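Have a look at the structure below, then the notes.
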Amino acid sequence: MMENLIAGINRFQNKVHAPRSAEFEKLADGQEPWALFITCSDSRIDPNLLTQTKPGELFVIRNAGNMVPAFPTPGGGEGGTLEFAVAVLGVPHIIVCGHSDCGAMKAALSPEAAATMPSLKQWIELTRETATEVNARTDLAAQPERLTAVTERNVVAQLDNLRTYPCVTKAIAAGDLELHGWVYDFTNGEVRAYAESTGSFVPLAEAYQGGVRA
């Protein structure tokens with residue numbers, strides 16, 4: 001409801017922005033985000049709420065299915081936003097964060113569901129290969145299992161796509177950038193991270209028990 005949004009802005013201006021005016025004034029001087037956070041447009045995931053970060057600490061790309069087309073990519077803003085984050089802002093971390101019950105991943109598994117949405121149908125073609133592999137697996141009989149699998153494998157596919165960008169490979173080679181794959185579960189608040197050594201997703205604490213570069 002628009003009334004709720006307008007009331008929210010009024011509360012922000014009076015109860016949040018005004019008491020923290022000095023903090024927001026500093027943001028006018030520029031930004032030094034800690035990470036580029038690539039996640040889904042789904043209204044149930046809030047990157048700043050999830051990571052408990054403040055304005056200026058995350059640079060964010062959001063789209064259906066948290067996807068980044070491989071380089072070179074015509075049109076769209078993902079590639080340009082990625083290059084700006086890495087080459088200009090110098091973010092030290094890129095996080096691709098999928099989530100449970102993702103509508104884009106459901107559509108990837110069942111493309112006919114997007115038959116009346118040509119733009120979405122074309123977009124989810126980016127993960128067709130991943131979805132086809134998951135649908136072909138005989139060990140995933142139940143739809144929830146297939147959805148979890150395609151959500152995880154899609155995150156890994158986007159990490160691979162990120163590595164096709166020259167600015168990303170250059171920053172990684174210089175030791176200036178690390179890539180991370182996460183999956184967030186709405187129901188229990190758990191975040192699992194991709195462990196490249198095992199090719200699986202494990203609890204966040206387990207994935208980073210050896211520490212992480214600041």
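Scheme for the structure tokens: letters A, B, ... for chains in order shown; per-chain residue numbers from 1; ligand numbers from 1 in order shown.
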
Which residues of stretch 133-170 of chain A have any atom within 9 Å of an atom in stretch 52-73 of chain A when counting only C-alpha atoms, and what is the closest pair of atoms for each, with the distance in Å to one decimal? Order the rows by chain and rising number and write it as JSON lines.
```
{"residue": "A:Thr151", "atom": "CA", "partner": "A:Gly65", "partner_atom": "CA", "distance": 8.4}
{"residue": "A:Asn154", "atom": "CA", "partner": "A:Met67", "partner_atom": "CA", "distance": 8.0}
{"residue": "A:Val155", "atom": "CA", "partner": "A:Asn66", "partner_atom": "CA", "distance": 7.7}
{"residue": "A:Ala157", "atom": "CA", "partner": "A:Met67", "partner_atom": "CA", "distance": 8.7}
{"residue": "A:Gln158", "atom": "CA", "partner": "A:Val68", "partner_atom": "CA", "distance": 5.9}
{"residue": "A:Leu159", "atom": "CA", "partner": "A:Val68", "partner_atom": "CA", "distance": 8.6}
{"residue": "A:Asp160", "atom": "CA", "partner": "A:Ala70", "partner_atom": "CA", "distance": 8.2}
{"residue": "A:Asn161", "atom": "CA", "partner": "A:Ala70", "partner_atom": "CA", "distance": 4.6}
{"residue": "A:Leu162", "atom": "CA", "partner": "A:Ala70", "partner_atom": "CA", "distance": 6.7}
{"residue": "A:Arg163", "atom": "CA", "partner": "A:Ala70", "partner_atom": "CA", "distance": 8.3}
{"residue": "A:Thr164", "atom": "CA", "partner": "A:Phe71", "partner_atom": "CA", "distance": 5.5}
{"residue": "A:Tyr165", "atom": "CA", "partner": "A:Phe71", "partner_atom": "CA", "distance": 5.4}
{"residue": "A:Pro166", "atom": "CA", "partner": "A:Phe71", "partner_atom": "CA", "distance": 8.4}
```

Save the residues we just selected, N, CA and C atoms, as a compact mmCIF listing (two decimals), in the first residue's frame?
```
# COMPACT_ATOMS: atom_id res chain seq x y z
N THR A 151 18.94 -24.32 -6.82
CA THR A 151 19.30 -23.05 -6.17
C THR A 151 20.79 -23.02 -5.86
N ASN A 154 22.88 -23.09 -9.16
CA ASN A 154 22.81 -21.80 -9.83
C ASN A 154 23.78 -20.80 -9.22
N VAL A 155 23.92 -20.82 -7.89
CA VAL A 155 24.89 -19.94 -7.23
C VAL A 155 26.29 -20.25 -7.73
N ALA A 157 27.11 -21.62 -10.55
CA ALA A 157 27.20 -21.20 -11.96
C ALA A 157 27.47 -19.71 -12.07
N GLN A 158 26.89 -18.92 -11.17
CA GLN A 158 27.13 -17.47 -11.21
C GLN A 158 28.55 -17.14 -10.77
N LEU A 159 29.10 -17.90 -9.85
CA LEU A 159 30.51 -17.71 -9.48
C LEU A 159 31.40 -17.96 -10.70
N ASP A 160 31.06 -18.99 -11.47
CA ASP A 160 31.81 -19.27 -12.70
C ASP A 160 31.67 -18.13 -13.70
N ASN A 161 30.46 -17.59 -13.81
CA ASN A 161 30.23 -16.47 -14.73
C ASN A 161 31.03 -15.24 -14.31
N LEU A 162 31.11 -15.00 -13.02
CA LEU A 162 31.87 -13.85 -12.53
C LEU A 162 33.33 -13.94 -12.97
N ARG A 163 33.86 -15.13 -12.99
CA ARG A 163 35.27 -15.32 -13.34
C ARG A 163 35.54 -15.09 -14.83
N THR A 164 34.50 -14.90 -15.63
CA THR A 164 34.71 -14.60 -17.05
C THR A 164 34.99 -13.11 -17.26
N TYR A 165 34.80 -12.28 -16.24
CA TYR A 165 35.01 -10.84 -16.38
C TYR A 165 36.48 -10.51 -16.14
N PRO A 166 37.12 -9.82 -17.07
CA PRO A 166 38.54 -9.49 -16.92
C PRO A 166 38.85 -8.76 -15.62
```

Looking only at the backbone, which of the residues in stretch 49-213 of chain A does DSSP tag as strand (DSSP E), as a count of residues only?
29

Tell me, as a list in words, which residues lie within 9 Å of A:Asn135, counting only C-alpha atoms; anything in the same chain fewer than 5 positions away does not count.
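Near A:Asn135, the qualifying residues are Leu109, Thr130, Leu140, Arg146 and Val150 of chain A.
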
Write to file, as a short mmCIF file (atom, residue, chain, number, x, y, z; two decimals), in the first residue's frame, the residues of the selection just made, with N, CA and C atoms.
```
data_model
loop_
_atom_site.label_atom_id
_atom_site.label_comp_id
_atom_site.auth_asym_id
_atom_site.auth_seq_id
_atom_site.Cartn_x
_atom_site.Cartn_y
_atom_site.Cartn_z
N LEU A 109 13.20 -24.76 -13.43
CA LEU A 109 12.90 -26.19 -13.43
C LEU A 109 11.69 -26.51 -14.29
N THR A 130 21.96 -25.60 -16.00
CA THR A 130 21.93 -26.04 -14.60
C THR A 130 20.62 -26.74 -14.28
N LEU A 140 16.90 -37.17 -7.07
CA LEU A 140 16.12 -36.05 -6.56
C LEU A 140 14.67 -36.22 -7.01
N ARG A 146 14.77 -30.96 -5.63
CA ARG A 146 15.25 -30.40 -6.90
C ARG A 146 15.42 -28.89 -6.80
N VAL A 150 18.89 -26.98 -7.50
CA VAL A 150 19.07 -26.00 -8.58
C VAL A 150 19.45 -24.64 -8.00
#
```

Would you mind reading off the distance between atom CA of A:Val134 and atom CA of A:Ile172, one decimal, in Å?
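Result for atom CA of A:Val134 versus atom CA of A:Ile172: 29.5 Å, one decimal.
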
Write out as JSON, numbers by chain all residues of stretch 29-169 of chain A that backbone DSSP assigns to helix (DSSP H, G or I).
{"A": [47, 48, 49, 50, 51, 78, 79, 80, 81, 82, 83, 84, 85, 86, 87, 88, 103, 104, 105, 106, 107, 108, 109, 111, 112, 113, 114, 118, 119, 120, 121, 122, 123, 124, 125, 126, 127, 128, 129, 130, 131, 132, 133, 134, 135, 143, 144, 145, 146, 147, 148, 149, 150, 151, 152, 153, 154, 155, 156, 157, 158, 159, 160, 161, 162, 166, 167, 168, 169]}

Residue among A:Leu89, A:Val202, A:Met1, A:Ala104 lying closest to A:Ala171, counting only C-alpha atoms
A:Leu89

Tell me which protein, DNA and RNA residues are within 12 Å of stretch 120-122 of chain A, counting only C-alpha atoms, leaving out same-chain ones fewer than 2 positions away, and put them as a ChimeraX atom specification.
/A:63-65,103-118,124-128
